[in-house]
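Report on the structure given below.
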Amino acid sequence: MPSDRNGPQRGIWGDMTQQDQRPAHSGRAAVLGGARTAARRAMPPGFARFLDALRARLAADLAAEAASGRLILWLPAAFTLGILLYFGAAREPSLSIAVALLAALCGGAVLLRARPVAFGAVVTLAAITAGFTTGSVRTALVAHEIATPGKGPVRLSGFVERVEHRPKGDRILLRLDAGPVKGLDPVPRLVRLTLRKGWAPPVGTHVTQLTQLLPPLGPAMPGAHDFGRNPWFAGIGGVGYGLGKPKLAEPAEPPLSVRLAMAVEAVRDSLSRRIRASLAGTPAEIAVALVAGDRSAIAPQVEESMRVSGLTHILSISGLHMALVAGTLFAFVRGGLALVPALALGFPIKSLAAIVALTGSAAYLVLSGNDVPAQRSFVMTALVLSGVLVGRPALTLRTVGVAGICVLAFTPEAALDPGTQMSFAATLALVAAYERLRPLRALPRPDGWVGQGVVWLAVLVGGTALTSLVAGLATAPYGIFHFQRVAPYGLLANLAAMPAVSFLVMPFGLLGVLLMPFGFDHLAWPVMGKGIEIMVAVSDAVAVLPGADGRVDTVGAPTLALFSLGLAALCLLRGLLTAVAIVPFALALLMSGAPPRPDILIAPDAQTVAVRGPDGRLSVLGARSQRLVVEQWMTREGDMRKAGAEGIAALFTCDPLGCTAPLPGGGTIAVSRRAESLEADCLESRIVVTRDVPPRRCPAQVVTPQTLQRTGTLAYHFRDGASEGASRGDWHVEPTRRPQVQRPWMPPLPPEPTPQRPPTDDPEADAASE
C-alpha cells in the first residue's frame, strides 16, 4: 500500500519523462515566451541584437560585481537606512524585538550561506535591522529627562565643563552638582547657558548661576531640522540664559570629565596665546580656529564671506585638516628616516611614519575641541593609516564603508547631521573618482626636469580642480536641502585658495605646534598668517562676484533620498551597471521643485507671526523676539533678509491693541496685544492669535500659547479648493509637532486644553456654564 501511494508521487516529481518534466507554470511561460518572440520579430534586427548585447553585458557586469565581492559595499548603505528608519518612527521601538529580529536574521544568513540570492537578501535585511537596533541601543544608553522650565528663574550649581566665546556672547556647559534643585524637576546632568560676553568663567570653575531656562529646542517649522535632538544625545537636558554674572561656589573636587576638559583647555589656551603673540586680527583668529578649534573670535563678516565663496569648510575641523596634518606628519617622518640608510634598511619606516601620523592626528582631535566632524574625520584617517600599517591599500571604497559604519555605530544620530552627510558624500565621490582614474598613473612620464615639472604642475592644478568639482557636485544637493545655499564660484575659490592652505596654512600650523615646546614656534606662525591672508583675500574677491550668494529654495526629503541612491549607484557600481544611476537621478530632477510654501507661520510664543504678501515674500511681526526662528523661516525660502531688517513687518498694521494683516485668501489675521481687542478681532478677522483668554462665542479661528505648546509652530497653507473639493478660502493647517509623535529627545506634551464648548441658543445656559 505505501508503495502504491508513493509510486505516483515519484512519477510526478522524480521519474517523469522529458515531456512531463515541464514545470506547472510552463503554459504561462510559453505564452510569455511567445509574446517576447513576437515582439522581437517586430523589432528591427539591429535593435534586437543591441538589446541582446546589452542584456548580456549587464549580466556579465553583475556577475563580476558579485564575484569580486563589491556588493558588500552596499551594506553600509543598508545600515544607514536602518538608522534612518529608526529615527523616522513615531514612537520609541521595542529594543528587545529589534535585537531578537537581528539575531534571527543573522541565524538565517548562516543557514542560507550556500544560496547566494537568498543569502544576499537576508544579509541586507540584517544590515538594515542592525542599523535600526543601533539607534535603539544608543537611545537607551543616553536616556535622560528634559528639564521643563518653570514660571521663574532657578539657581543652578555646578562645574563649568566647556566655554564658547561667541561674537555676541559667551556660552558655557554646566555640569550640575548632584542633588535636587528648587523649582526644577527633573534635574538634568548638563545645562547649556548663554551669558553676556566676557562673563564666562574658566573651565573647571565651581559656580552658582541664577538661570532662566527656555523651552526645549525643536524644529522652527514643519520639516525643519530638529535642534533639540543633538543636544539631547550629547547629554544636555536644558538650555537657558544666565541672569547676572556667575558666582563662585564652595571649592569641590571636579568630576573626571571636568578634569580632562581642564587639561585640554589649558593646552588650547596656551596655543591661542602663542599664536596671538605673533599674529593679529583676522589671521590670528583663523589660526586659532584651525589649531585650537576656537572659532568664536572670527568676525561674522569673514565667516559670511567664506560661506558665500564656498571656502567655509576650511574653518571647520574636518577631513581636509585631518588629512593635511596626518599627511604632513607621515611625509616628514618617513622622509627624515629615509635619510638615514641604517634606519631605512633596518626598520619599517613606513609603518613608523604611520604610527606617528596616527598619534599626531589623535592629539589634533583632542586639541581642536573633539567635535563630531573632527571625530568622523579622525576615524577615516585612522582607518587609512591602519591600512598602511598592515600593507593594505590605504584609501578605498571599503575604507569609506568601514569608516561610515564605525562612526554611525557609536553616534547613529550623526546620520541626520548635515556635516556627516556632506562629508561622506564628498569622500565617497572622491574615492570613486580617483579609483576610476587610477590607470592614468601607469602612463609614461616625460624625461627631464622641465617635463616632469610640467606634469607635476598639471597634476596639482588638475587634481585640485577635480577634487573641488567632484566634492562640490556631490555635496550640493545636501547643502540645498539643509541650508538652501549653493556656492556657484566654489570651484574658482578653491582653485585659488587651496594651494595656500595646503602648503602654507596647515603645514606651518603643524610646525608651529611641534616647535612650541622648544620656543621656536614664532618662526612658523607668520608664514601660516600669510597663507591665511591669501585665503581671506581670495574669499573676499569671490564673494563680491555677481550671483555669488546662491540662495535657493529647499528641496523635499524624497528628492534628497533619490539623489543619495543615485550617488551610491554611480560610485559603487562598475561597468555598464553605473547607468542604473540615471533612473534615481532623473526621478530626483523631476521631483526637485520646492515643497509648498506656507502662507502663514505662527511661532510658539503666539506673538511672532509671518504672513505671505502679494510679492511672495513673508512679512514677519515680532521678528526680533524670535530671531533664530525667523531666520530659519527666511533661510528655508532663500530669503536673504535678517530678523532685524527694515520693513520686514511691512504687511502689518498696528495700534496699541494689536496688529492685523491681510491674508492671501481674503480676510485678515489679528495678533492681539490687549484683551480689549478680542471682541472686535473675533468679528473682523478670520484668524486671531492671542495670549489672553478668547471670548467663548468667537467665530474666528483662535490660536493661543496653550495650543502652540502641543503643536509647535503652525504653518497654514491656503488652497483654492477647486481641485480638492473644498470651499474657496479653505486652509490646511500643518503642525510642526504631531500629537502621535513622541520620542525621548522631545519634551513631553502638555495636557490637551479643554475644548471650547460651542455656544447655544440659550444665553442663560451659556452664562451658567461660564
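Labels used: A, B, ... for chains in the order of the C-alpha cells, numbers from 1 for residues in each chain, and numbers from 1 for ligands as shown.
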
For this session: Would you mind writing down, as number ranges by chain, each residue of range 427-571 of chain A that DSSP on the backbone assigns to strand (DSSP E)?
Result: A: 485-486, 550-551

Export, as a PDB file, in the first residue's frame, the selected residues with all heavy atoms.
ATOM      1  N   ARG A 485      21.479  76.900   0.173  1.00  0.00           N
ATOM      2  CA  ARG A 485      22.547  77.721  -0.396  1.00  0.00           C
ATOM      3  C   ARG A 485      23.416  76.866  -1.299  1.00  0.00           C
ATOM      4  O   ARG A 485      23.607  75.669  -1.071  1.00  0.00           O
ATOM      5  CB  ARG A 485      23.425  78.337   0.698  1.00  0.00           C
ATOM      6  CG  ARG A 485      22.684  79.196   1.676  1.00  0.00           C
ATOM      7  CD  ARG A 485      23.600  79.856   2.669  1.00  0.00           C
ATOM      8  NE  ARG A 485      24.280  81.004   2.081  1.00  0.00           N
ATOM      9  CZ  ARG A 485      24.745  82.018   2.805  1.00  0.00           C
ATOM     10  NH1 ARG A 485      24.618  82.016   4.108  1.00  0.00           N
ATOM     11  NH2 ARG A 485      25.346  83.028   2.219  1.00  0.00           N
ATOM     12  N   VAL A 486      23.947  77.508  -2.334  1.00  0.00           N
ATOM     13  CA  VAL A 486      24.958  76.904  -3.183  1.00  0.00           C
ATOM     14  C   VAL A 486      26.063  77.943  -3.387  1.00  0.00           C
ATOM     15  O   VAL A 486      25.831  79.145  -3.245  1.00  0.00           O
ATOM     16  CB  VAL A 486      24.391  76.458  -4.554  1.00  0.00           C
ATOM     17  CG1 VAL A 486      23.421  75.311  -4.395  1.00  0.00           C
ATOM     18  CG2 VAL A 486      23.731  77.621  -5.269  1.00  0.00           C
ATOM     19  N   GLY A 550      24.479  82.293  -3.566  1.00  0.00           N
ATOM     20  CA  GLY A 550      23.451  81.486  -4.207  1.00  0.00           C
ATOM     21  C   GLY A 550      22.405  80.991  -3.227  1.00  0.00           C
ATOM     22  O   GLY A 550      22.589  79.952  -2.581  1.00  0.00           O
ATOM     23  N   ARG A 551      21.315  81.746  -3.085  1.00  0.00           N
ATOM     24  CA  ARG A 551      20.191  81.338  -2.237  1.00  0.00           C
ATOM     25  C   ARG A 551      19.160  80.650  -3.109  1.00  0.00           C
ATOM     26  O   ARG A 551      18.772  81.163  -4.158  1.00  0.00           O
ATOM     27  CB  ARG A 551      19.563  82.541  -1.543  1.00  0.00           C
ATOM     28  CG  ARG A 551      20.520  83.371  -0.690  1.00  0.00           C
ATOM     29  CD  ARG A 551      20.977  82.623   0.537  1.00  0.00           C
ATOM     30  NE  ARG A 551      21.806  83.450   1.387  1.00  0.00           N
ATOM     31  CZ  ARG A 551      21.411  83.936   2.558  1.00  0.00           C
ATOM     32  NH1 ARG A 551      20.200  83.678   3.006  1.00  0.00           N
ATOM     33  NH2 ARG A 551      22.228  84.676   3.278  1.00  0.00           N
TER      34      ARG A 551
END

Exercise. Please, which residues of range 131-351 of chain A, numbered as in this document, come out helix (DSSP H, G or I) from DSSP, as number ranges by chain?
Worked result: A: 131-142, 229-233, 256-278, 281-292, 300-309, 312-314, 319-338, 341-346, 349-351

Sort by chain and increasing residue number a table of all residues of range 121-236 of chain A within 9 Å of range 401-413 of chain A, each with its closest pair of atoms and their distance in Å to one decimal, counting only C-alpha atoms, and write it as a tab-separated table.
residue	atom	partner	partner_atom	distance
A:Gly131	CA	A:Ala409	CA	7.8
A:Thr134	CA	A:Ala409	CA	6.3
A:Gly135	CA	A:Pro412	CA	5.6
A:Arg138	CA	A:Pro412	CA	7.3
A:Arg229	CA	A:Glu413	CA	8.1
A:Asn230	CA	A:Glu413	CA	7.2
A:Phe233	CA	A:Glu413	CA	7.7

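Residue nearest Leu271 in chain A within the list A:Leu214, A:Leu515, A:Leu111, A:Val505: A:Leu515 [criterion: smallest interatomic distance, only C-alpha atoms].
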
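Residues in contact with Val400 in chain A at up to 10 Å, not including ones fewer than 4 positions away on its chain and judged by only C-alpha atoms, are Leu73, Pro76, Val379, Met380, Leu383, Val384, Leu395, Thr396, Gly404, Ile405, Cys406, Phe424, Thr427, Leu428 and Val431 of chain A.
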
For this session: Find the distance between CA of Val555 in chain A and CA of Ala89 in chain A and write it in Å to one decimal.
Result: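 CA of Val555 in chain A sits 21.8 Å away from CA of Ala89 in chain A.
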
For this session: Fewer than 4 positions away in the same chain doesn't count, so skip those; otherwise give me all residues within 8 Å of Arg295 in chain A, counting only C-alpha atoms, as a list in words.
Result: Arg166, Glu285, Ile286, Val288, Ala289 and Leu315 of chain A

For this session: For Tyr489 in chain A, list every protein, DNA or RNA residue within 8 Å, evaluated using only C-alpha atoms, and leave out those in the same chain fewer than 2 positions away; present the list as number ranges by chain.
Result: A: 309-310, 487, 491-493, 542, 548

Generate the output file for the selected residues, N, CA, C and O atoms, as an mmCIF file, in the first residue's frame.
data_model
loop_
_atom_site.group_PDB
_atom_site.id
_atom_site.type_symbol
_atom_site.label_atom_id
_atom_site.label_comp_id
_atom_site.auth_asym_id
_atom_site.auth_seq_id
_atom_site.Cartn_x
_atom_site.Cartn_y
_atom_site.Cartn_z
ATOM 1 N N SER A 309 31.690 82.261 -0.693
ATOM 2 C CA SER A 309 32.685 81.869 -1.692
ATOM 3 C C SER A 309 32.898 80.367 -1.771
ATOM 4 O O SER A 309 33.594 79.889 -2.675
ATOM 5 N N GLY A 310 32.321 79.608 -0.839
ATOM 6 C CA GLY A 310 32.499 78.157 -0.862
ATOM 7 C C GLY A 310 33.742 77.683 -0.144
ATOM 8 O O GLY A 310 34.181 76.548 -0.355
ATOM 9 N N ALA A 487 27.243 77.449 -3.695
ATOM 10 C CA ALA A 487 28.381 78.339 -3.951
ATOM 11 C C ALA A 487 28.759 78.204 -5.425
ATOM 12 O O ALA A 487 29.557 77.331 -5.796
ATOM 13 N N LEU A 491 34.347 76.351 -7.119
ATOM 14 C CA LEU A 491 35.489 75.770 -7.824
ATOM 15 C C LEU A 491 36.588 76.805 -8.008
ATOM 16 O O LEU A 491 37.775 76.533 -7.763
ATOM 17 N N LEU A 492 36.208 77.994 -8.423
ATOM 18 C CA LEU A 492 37.188 79.068 -8.613
ATOM 19 C C LEU A 492 37.876 79.416 -7.302
ATOM 20 O O LEU A 492 39.111 79.559 -7.247
ATOM 21 N N ALA A 493 37.105 79.559 -6.228
ATOM 22 C CA ALA A 493 37.689 79.922 -4.936
ATOM 23 C C ALA A 493 38.628 78.849 -4.423
ATOM 24 O O ALA A 493 39.715 79.142 -3.905
ATOM 25 N N VAL A 542 36.011 86.618 -4.340
ATOM 26 C CA VAL A 542 34.989 85.767 -4.954
ATOM 27 C C VAL A 542 33.601 86.116 -4.426
ATOM 28 O O VAL A 542 32.609 86.080 -5.166
ATOM 29 N N ALA A 548 27.195 85.477 -6.446
ATOM 30 C CA ALA A 548 27.999 84.593 -5.603
ATOM 31 C C ALA A 548 27.190 84.013 -4.453
ATOM 32 O O ALA A 548 27.398 82.864 -4.053
#

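Counting only C-alpha atoms and comparing A:Leu102, A:Ile532, A:Leu430, A:Met422, the residue that lies closest to Ala280 in chain A is A:Ile532.
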
Exercise. Which residues come within 9 Å of Leu95 in chain A, counting only C-alpha atoms, excluding same-chain residues fewer than 6 positions away, as a ChimeraX atom specification?
Worked result: /A:133,136-137,140

For this session: Name the residues in contact with Leu714 in chain A at a cut-off of 6 Å, using only C-alpha atoms, excluding same-chain residues fewer than 5 positions from it; report them as a VMD selection string.
Result: chain A and resid 601 to 602 734 to 735

Problem set entry | Distance of CA of Arg636 in chain A from CA of Pro546 in chain A, expressed in Å to one decimal place |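 It comes out at 21.8 Å.
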